[in-house]
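File shown: upload_39.cif. Contents: mmCIF, C-alpha atoms.
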```
data_upload
loop_
_atom_site.group_PDB
_atom_site.id
_atom_site.type_symbol
_atom_site.label_atom_id
_atom_site.label_comp_id
_atom_site.auth_asym_id
_atom_site.auth_seq_id
_atom_site.Cartn_x
_atom_site.Cartn_y
_atom_site.Cartn_z
ATOM 1 C CA MET A 1 15.265 30.778 104.347
ATOM 2 C CA ASP A 2 17.512 28.682 106.530
ATOM 3 C CA SER A 3 14.878 28.283 109.221
ATOM 4 C CA LYS A 4 12.409 27.032 106.631
ATOM 5 C CA ARG A 5 14.918 24.456 105.551
ATOM 6 C CA ARG A 6 15.200 23.272 109.164
ATOM 7 C CA VAL A 7 11.447 22.878 109.378
ATOM 8 C CA PHE A 8 11.449 20.884 106.162
ATOM 9 C CA LEU A 9 14.166 18.555 107.431
ATOM 10 C CA LYS A 10 12.311 18.079 110.703
ATOM 11 C CA GLY A 11 9.179 17.231 108.751
ATOM 12 C CA THR A 12 10.887 14.556 106.697
ATOM 13 C CA LEU A 13 12.528 13.053 109.774
ATOM 14 C CA ALA A 14 9.171 12.885 111.503
ATOM 15 C CA ALA A 15 7.637 11.221 108.460
ATOM 16 C CA GLY A 16 10.432 8.651 108.493
ATOM 17 C CA THR A 17 9.729 7.872 112.125
ATOM 18 C CA VAL A 18 6.079 7.169 111.412
ATOM 19 C CA GLY A 19 7.111 4.876 108.571
ATOM 20 C CA VAL A 20 9.346 2.936 110.942
ATOM 21 C CA ALA A 21 6.576 2.797 113.542
ATOM 22 C CA VAL A 22 4.195 1.311 110.996
ATOM 23 C CA GLY A 23 6.838 -1.136 109.787
ATOM 24 C CA THR A 24 7.592 -2.409 113.253
ATOM 25 C CA GLY A 25 3.930 -2.894 114.091
ATOM 26 C CA LEU A 26 3.684 -0.038 116.598
ATOM 27 C CA LEU A 27 0.853 1.366 114.535
ATOM 28 C CA THR A 28 -1.598 -1.049 113.041
ATOM 29 C CA PRO A 29 -2.312 -0.626 109.336
ATOM 30 C CA ALA A 30 -6.000 -0.114 110.114
ATOM 31 C CA ILE A 31 -5.187 3.010 112.092
ATOM 32 C CA ALA A 32 -2.620 4.191 109.586
ATOM 33 C CA LEU A 33 -5.061 3.742 106.710
ATOM 34 C CA ALA A 34 -8.155 5.086 108.437
ATOM 35 C CA ASP A 35 -7.738 8.551 106.959
ATOM 36 C CA ARG A 36 -5.430 10.238 104.525
ATOM 37 C CA PRO A 37 -1.934 8.795 104.867
ATOM 38 C CA LYS A 38 -0.558 12.343 105.014
ATOM 39 C CA THR A 39 2.966 11.472 106.050
ATOM 40 C CA ALA A 40 3.181 9.021 103.170
ATOM 41 C CA PHE A 41 3.008 11.917 100.704
ATOM 42 C CA GLU A 42 5.768 13.780 102.559
ATOM 43 C CA THR A 43 8.142 10.835 102.702
ATOM 44 C CA THR A 44 11.230 11.077 100.511
ATOM 45 C CA THR A 45 12.178 7.445 99.955
ATOM 46 C CA ILE A 46 10.145 4.920 97.984
ATOM 47 C CA GLU A 47 10.444 2.238 100.661
ATOM 48 C CA ASP A 48 9.230 4.516 103.477
ATOM 49 C CA ALA A 49 6.403 5.840 101.295
ATOM 50 C CA ILE A 50 5.144 2.300 100.623
ATOM 51 C CA ARG A 51 5.207 1.528 104.355
ATOM 52 C CA ALA A 52 3.414 4.744 105.254
ATOM 53 C CA ALA A 53 0.770 4.347 102.534
ATOM 54 C CA LEU A 54 0.074 0.622 102.749
ATOM 55 C CA GLY A 55 1.155 -0.299 106.272
ATOM 56 C CA ALA A 56 3.790 -2.801 105.171
ATOM 57 C CA GLY A 57 6.946 -2.984 103.102
ATOM 58 C CA ASN A 58 9.021 -5.189 100.801
ATOM 59 C CA PRO A 59 6.490 -5.871 98.028
ATOM 60 C CA GLN A 60 7.076 -8.977 95.991
ATOM 61 C CA ASP A 61 7.599 -8.578 92.222
ATOM 62 C CA SER A 62 4.528 -9.745 90.329
ATOM 63 C CA ASP A 63 3.780 -10.272 86.647
ATOM 64 C CA GLN A 64 0.079 -10.094 87.507
ATOM 65 C CA ILE A 65 0.259 -6.304 87.677
ATOM 66 C CA THR A 66 0.213 -4.350 84.423
ATOM 67 C CA ILE A 67 1.335 -0.748 84.105
ATOM 68 C CA ASP A 68 0.164 0.794 80.859
ATOM 69 C CA THR A 69 1.915 4.072 80.074
ATOM 70 C CA GLN A 70 4.166 5.785 77.545
ATOM 71 C CA ASP A 71 7.778 4.636 77.109
ATOM 72 C CA VAL A 72 8.654 8.212 76.213
ATOM 73 C CA ALA A 73 6.700 11.091 77.734
ATOM 74 C CA GLU A 74 7.191 14.299 75.775
ATOM 75 C CA ASN A 75 5.439 16.273 78.476
ATOM 76 C CA GLY A 76 6.217 15.250 82.053
ATOM 77 C CA ALA A 77 3.286 17.337 83.300
ATOM 78 C CA VAL A 78 0.784 14.861 81.875
ATOM 79 C CA VAL A 79 1.834 11.219 81.840
ATOM 80 C CA PRO A 80 -1.181 8.909 81.409
ATOM 81 C CA ILE A 81 -0.977 5.713 83.431
ATOM 82 C CA THR A 82 -3.267 2.733 83.873
ATOM 83 C CA VAL A 83 -2.669 0.060 86.488
ATOM 84 C CA THR A 84 -4.517 -3.243 86.349
ATOM 85 C CA SER A 85 -4.016 -6.474 88.232
ATOM 86 C CA SER A 86 -5.292 -10.014 87.844
ATOM 87 C CA LEU A 87 -4.405 -10.832 91.465
ATOM 88 C CA PRO A 88 -7.401 -11.891 93.568
ATOM 89 C CA GLY A 89 -8.477 -9.839 96.591
ATOM 90 C CA VAL A 90 -6.958 -6.488 95.641
ATOM 91 C CA THR A 91 -7.843 -3.814 98.234
ATOM 92 C CA HIS A 92 -5.285 -1.074 97.560
ATOM 93 C CA ILE A 93 -3.285 0.261 94.614
ATOM 94 C CA ALA A 94 -0.490 2.785 95.131
ATOM 95 C CA ILE A 95 1.452 4.614 92.416
ATOM 96 C CA LEU A 96 4.971 5.891 93.094
ATOM 97 C CA THR A 97 7.830 7.296 91.064
ATOM 98 C CA GLY A 98 11.427 8.250 91.721
ATOM 99 C CA ALA A 99 10.986 11.219 89.361
ATOM 100 C CA ASN A 100 9.652 13.610 92.000
ATOM 101 C CA PRO A 101 10.851 14.975 95.393
ATOM 102 C CA PHE A 102 8.146 12.939 97.144
ATOM 103 C CA PRO A 103 7.724 9.480 95.560
ATOM 104 C CA LEU A 104 4.099 8.727 96.458
ATOM 105 C CA VAL A 105 1.758 9.984 93.723
ATOM 106 C CA ALA A 106 -1.534 8.346 94.618
ATOM 107 C CA SER A 107 -2.944 5.705 96.929
ATOM 108 C CA TYR A 108 -6.280 4.130 96.035
ATOM 109 C CA THR A 109 -8.597 2.130 98.274
ATOM 110 C CA LEU A 110 -10.973 -0.204 96.462
ATOM 111 C CA GLY A 111 -14.424 -1.306 97.573
ATOM 112 C CA GLU A 112 -15.530 -4.919 97.744
ATOM 113 C CA ASN A 113 -16.961 -4.931 94.201
ATOM 114 C CA THR A 114 -14.340 -2.664 92.655
ATOM 115 C CA LYS A 115 -12.074 -4.012 89.915
ATOM 116 C CA ALA A 116 -8.296 -3.853 90.240
ATOM 117 C CA PHE A 117 -8.140 -1.079 87.654
ATOM 118 C CA VAL A 118 -7.288 2.595 87.875
ATOM 119 C CA ALA A 119 -6.383 5.156 85.237
ATOM 120 C CA THR A 120 -5.015 8.608 85.969
ATOM 121 C CA ARG A 121 -2.503 11.204 84.744
ATOM 122 C CA ILE A 122 0.588 12.069 86.718
ATOM 123 C CA LYS A 123 3.470 14.564 86.751
ATOM 124 C CA MET A 124 7.066 13.379 86.403
ATOM 125 C CA GLY A 125 10.012 15.721 86.935
ATOM 126 C CA GLU A 126 12.517 13.516 85.139
ATOM 127 C CA THR A 127 13.094 10.091 83.600
ATOM 128 C CA SER A 128 12.377 7.396 86.151
ATOM 129 C CA ASP A 129 10.474 4.216 86.931
ATOM 130 C CA ILE A 130 6.781 4.220 87.709
ATOM 131 C CA ILE A 131 6.125 1.720 90.476
ATOM 132 C CA ALA A 132 2.717 0.214 91.115
ATOM 133 C CA VAL A 133 2.221 -1.485 94.473
ATOM 134 C CA VAL A 134 -0.875 -3.622 94.964
ATOM 135 C CA LYS A 135 -2.189 -4.959 98.260
ATOM 136 C CA ALA A 136 -4.017 -8.235 97.683
ATOM 137 C CA ASN A 137 -5.269 -10.481 100.518
ATOM 138 C CA GLY A 138 -3.089 -8.465 102.883
ATOM 139 C CA ARG A 139 0.143 -8.989 100.945
ATOM 140 C CA LEU A 140 2.080 -6.493 98.828
ATOM 141 C CA TYR A 141 3.051 -7.014 95.211
ATOM 142 C CA SER A 142 4.695 -4.582 92.811
ATOM 143 C CA ALA A 143 5.651 -3.952 89.217
ATOM 144 C CA ARG A 144 7.650 -1.181 87.605
ATOM 145 C CA GLN A 145 7.892 0.471 84.219
ATOM 146 C CA LYS A 146 10.480 2.988 83.041
ATOM 147 C CA VAL A 147 9.261 6.249 81.489
ATOM 148 C CA ARG A 148 11.700 8.518 79.666
ATOM 149 C CA VAL A 149 10.680 12.136 80.198
ATOM 150 C CA THR A 150 11.889 14.610 77.577
ATOM 151 C CA LEU A 151 10.356 17.735 79.179
ATOM 152 C CA GLY A 152 10.059 17.649 82.971
ATOM 153 C CA GLY A 153 6.696 18.301 84.567
ATOM 154 C CA CYS A 154 7.881 20.402 87.500
ATOM 155 C CA GLY A 155 7.074 23.650 85.727
ATOM 156 C CA ALA A 156 3.410 22.717 85.442
ATOM 157 C CA MET B 1 -21.087 25.066 87.375
ATOM 158 C CA SER B 2 -19.678 21.928 88.840
ATOM 159 C CA SER B 3 -15.936 21.368 88.774
ATOM 160 C CA ILE B 4 -16.618 17.677 88.084
ATOM 161 C CA ARG B 5 -17.441 16.113 84.756
ATOM 162 C CA VAL B 6 -18.267 12.459 85.287
ATOM 163 C CA ARG B 7 -19.881 9.591 83.379
ATOM 164 C CA ALA B 8 -20.675 6.098 84.568
ATOM 165 C CA GLN B 9 -21.535 3.537 81.913
ATOM 166 C CA ILE B 10 -22.459 -0.064 82.507
ATOM 167 C CA GLU B 11 -21.473 -2.808 80.097
ATOM 168 C CA ALA B 12 -21.703 -6.543 80.771
ATOM 169 C CA GLY B 13 -22.267 -5.849 84.462
ATOM 170 C CA ILE B 14 -19.167 -3.679 84.848
ATOM 171 C CA VAL B 15 -19.582 0.024 85.541
ATOM 172 C CA THR B 16 -16.803 2.175 84.109
ATOM 173 C CA VAL B 17 -16.511 5.612 85.690
ATOM 174 C CA ARG B 18 -14.597 8.372 83.939
ATOM 175 C CA ALA B 19 -14.154 11.745 85.602
ATOM 176 C CA ILE B 20 -12.324 14.987 84.946
ATOM 177 C CA ILE B 21 -12.091 17.560 87.730
ATOM 178 C CA ASN B 22 -11.180 21.190 87.091
ATOM 179 C CA HIS B 23 -8.413 21.952 89.578
ATOM 180 C CA PRO B 24 -4.991 23.686 89.400
ATOM 181 C CA MET B 25 -3.136 20.935 91.334
ATOM 182 C CA GLU B 26 -0.372 23.360 92.363
ATOM 183 C CA THR B 27 2.596 21.533 93.881
ATOM 184 C CA GLY B 28 3.843 24.385 96.077
ATOM 185 C CA GLN B 29 7.260 24.031 94.459
ATOM 186 C CA ARG B 30 6.755 26.471 91.594
ATOM 187 C CA ARG B 31 7.530 30.184 91.653
ATOM 188 C CA ASP B 32 5.718 33.007 89.903
ATOM 189 C CA GLN B 33 7.425 35.686 87.780
ATOM 190 C CA ALA B 34 8.237 37.741 90.891
ATOM 191 C CA GLY B 35 10.036 34.733 92.364
ATOM 192 C CA GLU B 36 7.391 34.116 95.018
ATOM 193 C CA VAL B 37 6.446 30.521 95.769
ATOM 194 C CA ILE B 38 2.985 29.679 94.435
ATOM 195 C CA PRO B 39 1.185 28.065 97.394
ATOM 196 C CA ALA B 40 0.388 24.373 97.167
ATOM 197 C CA HIS B 41 -3.219 23.809 96.138
ATOM 198 C CA TYR B 42 -4.141 20.269 95.270
ATOM 199 C CA ILE B 43 -6.886 17.688 95.742
ATOM 200 C CA THR B 44 -6.094 15.334 98.604
ATOM 201 C CA LYS B 45 -9.056 12.978 98.404
ATOM 202 C CA VAL B 46 -11.642 11.796 95.912
ATOM 203 C CA GLN B 47 -14.442 9.588 97.160
ATOM 204 C CA ALA B 48 -16.955 7.611 95.098
ATOM 205 C CA GLN B 49 -20.093 6.061 96.541
ATOM 206 C CA CYS B 50 -22.778 4.008 94.855
ATOM 207 C CA ASN B 51 -26.023 3.112 96.667
ATOM 208 C CA GLY B 52 -24.464 4.463 99.858
ATOM 209 C CA GLN B 53 -21.437 2.153 99.670
ATOM 210 C CA ASP B 54 -17.837 3.303 99.221
ATOM 211 C CA VAL B 55 -16.645 1.928 95.922
ATOM 212 C CA PHE B 56 -13.454 3.893 95.421
ATOM 213 C CA THR B 57 -11.268 6.289 97.418
ATOM 214 C CA ALA B 58 -8.305 8.163 95.968
ATOM 215 C CA HIS B 59 -5.677 9.778 98.178
ATOM 216 C CA TRP B 60 -3.677 12.165 96.048
ATOM 217 C CA GLY B 61 -0.512 14.164 96.419
ATOM 218 C CA PRO B 62 0.452 17.155 94.254
ATOM 219 C CA ALA B 63 2.006 14.908 91.563
ATOM 220 C CA ILE B 64 -1.385 14.284 89.954
ATOM 221 C CA SER B 65 -1.668 16.351 86.766
ATOM 222 C CA ARG B 66 -3.659 19.588 86.581
ATOM 223 C CA ASN B 67 -7.378 19.058 85.871
ATOM 224 C CA PRO B 68 -7.118 15.454 87.056
ATOM 225 C CA PHE B 69 -8.496 12.543 85.071
ATOM 226 C CA LEU B 70 -9.632 9.463 86.932
ATOM 227 C CA SER B 71 -11.167 6.200 85.801
ATOM 228 C CA PHE B 72 -12.148 3.096 87.738
ATOM 229 C CA GLN B 73 -14.523 0.124 87.420
ATOM 230 C CA PHE B 74 -16.874 -1.705 89.750
ATOM 231 C CA GLN B 75 -19.614 -4.329 89.725
ATOM 232 C CA GLY B 76 -22.898 -4.801 91.543
ATOM 233 C CA ALA B 77 -24.799 -1.760 90.269
ATOM 234 C CA ALA B 78 -27.602 -1.304 87.739
ATOM 235 C CA VAL B 79 -28.703 1.296 85.213
ATOM 236 C CA GLY B 80 -30.246 4.243 87.067
ATOM 237 C CA ASP B 81 -28.312 3.709 90.295
ATOM 238 C CA VAL B 82 -26.789 6.924 91.617
ATOM 239 C CA LEU B 83 -23.033 7.428 91.725
ATOM 240 C CA LYS B 84 -21.800 10.194 94.003
ATOM 241 C CA LEU B 85 -18.320 11.589 93.429
ATOM 242 C CA SER B 86 -16.762 14.174 95.728
ATOM 243 C CA TRP B 87 -13.353 15.744 96.234
ATOM 244 C CA THR B 88 -11.653 17.836 98.907
ATOM 245 C CA ASP B 89 -8.380 19.745 98.622
ATOM 246 C CA ASN B 90 -5.635 20.905 100.971
ATOM 247 C CA MET B 91 -7.262 24.344 101.277
ATOM 248 C CA GLY B 92 -10.543 22.888 102.493
ATOM 249 C CA GLU B 93 -12.403 23.419 99.242
ATOM 250 C CA SER B 94 -14.643 20.647 97.988
ATOM 251 C CA ASP B 95 -17.257 19.723 95.415
ATOM 252 C CA THR B 96 -19.699 16.870 94.841
ATOM 253 C CA SER B 97 -21.488 15.545 91.785
ATOM 254 C CA GLU B 98 -24.251 12.963 91.576
ATOM 255 C CA ILE B 99 -25.078 11.150 88.357
ATOM 256 C CA SER B 100 -27.084 8.115 87.425
ATOM 257 C CA ILE B 101 -25.416 5.130 85.797
ATOM 258 C CA ASP B 102 -26.300 4.734 82.120
#
```

Write-out of the structure in structure tokens:
Amino acid sequence: MDSKRRVFLKGTLAAGTVGVAVGTGLLTPAIALADRPKTAFETTTIEDAIRAALGAGNPQDSDQITIDTQDVAENGAVVPITVTSSLPGVTHIAILTGANPFPLVASYTLGENTKAFVATRIKMGETSDIIAVVKANGRLYSARQKVRVTLGGCGA
Amino acid sequence: MSSIRVRAQIEAGIVTVRAIINHPMETGQRRDQAGEVIPAHYITKVQAQCNGQDVFTAHWGPAISRNPFLSFQFQGAAVGDVLKLSWTDNMGESDTSEISID
């Protein structure tokens, strides 16, 4: 049991290191984004997860991103969420939440003719914000929306 | 039978894709009645292509709900064009579905 815990801690530390490497420009975003941003899903802080998933940090708050979801989710196992943005040049949309052990829920890459729109259903372990981070013309923007969860989704 | 149910409908030049995939999306954090950890089993990637071009890629973690729903929109396609949707999971399983836009 204890040895497993060590492995887990090592894993999260390693993930953090990659996040820092990306943030400091040691890894270019193109390389980091070429395939599945695996470490991003194993990162435990929102800031590091954004860096690992999108190759940059510190998104700017934007009112041109809309998160459509429930204010109160009776069942945290199925929380519908739609993210849209009117920003031009959107290439990536990431969804994160502080409700789960690993904040990154999904990271979407859009094609040239793809609209800045995605709808999905996510699990939330507890009441928290949903954060949408959008990469548009190489810059990061974000919006957040609080969802109150009455029955946590970790059991499903 | 395919694990993917998908429709792609075009309206005013915008194709709306709606898909539901049958998948347990196990987080690896739950335990069964005997107290054993249920192994993580979740889709890691969903890829959509139209006319050979990538239109949409989803990278997912285990926090996507069971039997995932996904919807997205794109332009530049016509009725009858083929949309190919495929997924792979962390256990190496995968499935693909091809439909024509209507």

Within 7 Å of region 69-79 of chain B, counting all atoms listed in the file, which residues qualify if same-chain residues fewer than 2 places away don't, as a PDB file with C-alpha atoms, in the frame of the given file?
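Here's the written file around19.pdb:
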```
ATOM      1  CA  ASN A 113     -16.961  -4.931  94.201  1.00  0.00           C
ATOM      2  CA  THR A 114     -14.340  -2.664  92.655  1.00  0.00           C
ATOM      3  CA  LYS A 115     -12.074  -4.012  89.915  1.00  0.00           C
ATOM      4  CA  PHE A 117      -8.140  -1.079  87.654  1.00  0.00           C
ATOM      5  CA  VAL A 118      -7.288   2.595  87.875  1.00  0.00           C
ATOM      6  CA  ALA A 119      -6.383   5.156  85.237  1.00  0.00           C
ATOM      7  CA  THR A 120      -5.015   8.608  85.969  1.00  0.00           C
ATOM      8  CA  ARG A 121      -2.503  11.204  84.744  1.00  0.00           C
TER       9      ARG A 121
ATOM     10  CA  ILE B  10     -22.459  -0.064  82.507  1.00  0.00           C
ATOM     11  CA  GLY B  13     -22.267  -5.849  84.462  1.00  0.00           C
ATOM     12  CA  ILE B  14     -19.167  -3.679  84.848  1.00  0.00           C
ATOM     13  CA  VAL B  15     -19.582   0.024  85.541  1.00  0.00           C
ATOM     14  CA  THR B  16     -16.803   2.175  84.109  1.00  0.00           C
ATOM     15  CA  VAL B  17     -16.511   5.612  85.690  1.00  0.00           C
ATOM     16  CA  ARG B  18     -14.597   8.372  83.939  1.00  0.00           C
ATOM     17  CA  ALA B  19     -14.154  11.745  85.602  1.00  0.00           C
ATOM     18  CA  ILE B  20     -12.324  14.987  84.946  1.00  0.00           C
ATOM     19  CA  ILE B  21     -12.091  17.560  87.730  1.00  0.00           C
ATOM     20  CA  ASN B  67      -7.378  19.058  85.871  1.00  0.00           C
ATOM     21  CA  ASP B  81     -28.312   3.709  90.295  1.00  0.00           C
ATOM     22  CA  ILE B 101     -25.416   5.130  85.797  1.00  0.00           C
ATOM     23  CA  ASP B 102     -26.300   4.734  82.120  1.00  0.00           C
TER      24      ASP B 102
END
```

Do me a favour and pick out the residues of chain A within 9 Å of chain B, using all atoms listed in the file, as a PyMOL selection string. chain A and resi 36-38+41-42+77-80+82+100+102-124+153-156

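CA of Asp61 (chain A) to CA of Ala40 (chain A) spans 21.2 Å [interatomic distance, one decimal].
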
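Note that CA of Leu96 (chain A) and CA of Ala49 (chain A) are 8.3 Å apart.
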
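Atom to atom, CA of Gly80 (chain B) and CA of Gln9 (chain B) stand 10.1 Å apart.
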
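Near region 62-69 of chain A, within 7 Å and counting all atoms listed in the file, sit A:Pro80, A:Ile81, A:Thr82, A:Val83, A:Thr84, A:Ser85, A:Ser86, A:Leu87, A:Tyr141, A:Ser142, A:Ala143, A:Gln145; same-chain residues fewer than 3 positions away were not included.
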
Name every residue that the PyMOL selection byres ((chain A and resi 133) around 9) selects in this structure, writing the answer as a PyMOL selection string with chains first and numbers rising. chain A and resi 50+54+59+65+92-96+131-132+134-135+140-144

If we count all atoms listed in the file and set the cut-off at 8 Å, which residues sit around Ser3 (chain B), ignoring sequence neighbours fewer than 3 positions away in its own chain? Please answer as a ChimeraX atom specification. /B:21-23,95

Quick one: which residues end up in the PyMOL selection byres ((chain B and resi 91) around 8) for this structure, as a ChimeraX atom specification? /B:41-42,89-90,92-93

Is it possible to get the axis-aligned box enclosing region 86-98 of chain B (all listed atoms, 6 Å extra per side) as lines of an AutoDock Vina configuration file, with centre and edge lengths in Å rounded to one decimal?
```
center_x = -14.9
center_y = 18.7
center_z = 97.0
size_x = 30.6
size_y = 23.4
size_z = 22.9
```

Test item: write region 34-48 of chain B with N, CA and C atoms as an mmCIF file, in the first residue's frame:
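Everything below was put into result16.cif:
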```cif
data_model
loop_
_atom_site.group_PDB
_atom_site.id
_atom_site.type_symbol
_atom_site.label_atom_id
_atom_site.label_comp_id
_atom_site.auth_asym_id
_atom_site.auth_seq_id
_atom_site.Cartn_x
_atom_site.Cartn_y
_atom_site.Cartn_z
ATOM 1 N N ALA B 34 -16.008 -6.361 -2.978
ATOM 2 C CA ALA B 34 -14.969 -7.063 -2.232
ATOM 3 C C ALA B 34 -13.840 -6.117 -1.805
ATOM 4 N N GLY B 35 -13.984 -4.832 -2.161
ATOM 5 C CA GLY B 35 -12.985 -3.854 -1.769
ATOM 6 C C GLY B 35 -11.818 -3.748 -2.728
ATOM 7 N N GLU B 36 -11.894 -4.490 -3.842
ATOM 8 C CA GLU B 36 -10.822 -4.434 -4.836
ATOM 9 C C GLU B 36 -11.025 -3.220 -5.748
ATOM 10 N N VAL B 37 -9.927 -2.577 -6.103
ATOM 11 C CA VAL B 37 -10.007 -1.439 -7.016
ATOM 12 C C VAL B 37 -10.453 -1.927 -8.400
ATOM 13 N N ILE B 38 -11.464 -1.251 -8.952
ATOM 14 C CA ILE B 38 -11.889 -1.562 -10.318
ATOM 15 C C ILE B 38 -10.918 -0.853 -11.257
ATOM 16 N N PRO B 39 -10.243 -1.606 -12.140
ATOM 17 C CA PRO B 39 -9.203 -0.978 -12.973
ATOM 18 C C PRO B 39 -9.745 0.151 -13.850
ATOM 19 N N ALA B 40 -8.928 1.165 -14.031
ATOM 20 C CA ALA B 40 -9.313 2.277 -14.899
ATOM 21 C C ALA B 40 -9.539 1.758 -16.322
ATOM 22 N N HIS B 41 -10.623 2.209 -16.928
ATOM 23 C CA HIS B 41 -10.942 1.809 -18.293
ATOM 24 C C HIS B 41 -11.736 2.950 -18.911
ATOM 25 N N TYR B 42 -11.046 3.780 -19.658
ATOM 26 C CA TYR B 42 -11.715 4.962 -20.188
ATOM 27 C C TYR B 42 -11.159 5.330 -21.556
ATOM 28 N N ILE B 43 -11.978 6.006 -22.336
ATOM 29 C CA ILE B 43 -11.573 6.474 -23.669
ATOM 30 C C ILE B 43 -10.575 7.619 -23.509
ATOM 31 N N THR B 44 -9.468 7.527 -24.227
ATOM 32 C CA THR B 44 -8.457 8.578 -24.138
ATOM 33 C C THR B 44 -8.517 9.536 -25.325
ATOM 34 N N LYS B 45 -9.058 9.040 -26.451
ATOM 35 C CA LYS B 45 -9.029 9.894 -27.645
ATOM 36 C C LYS B 45 -10.210 9.593 -28.560
ATOM 37 N N VAL B 46 -10.834 10.639 -29.042
ATOM 38 C CA VAL B 46 -11.863 10.512 -30.071
ATOM 39 C C VAL B 46 -11.433 11.392 -31.235
ATOM 40 N N GLN B 47 -11.484 10.823 -32.426
ATOM 41 C CA GLN B 47 -10.997 11.558 -33.596
ATOM 42 C C GLN B 47 -12.106 11.592 -34.642
ATOM 43 N N ALA B 48 -12.351 12.771 -35.212
ATOM 44 C CA ALA B 48 -13.340 12.891 -36.281
ATOM 45 C C ALA B 48 -12.671 13.419 -37.535
#
```
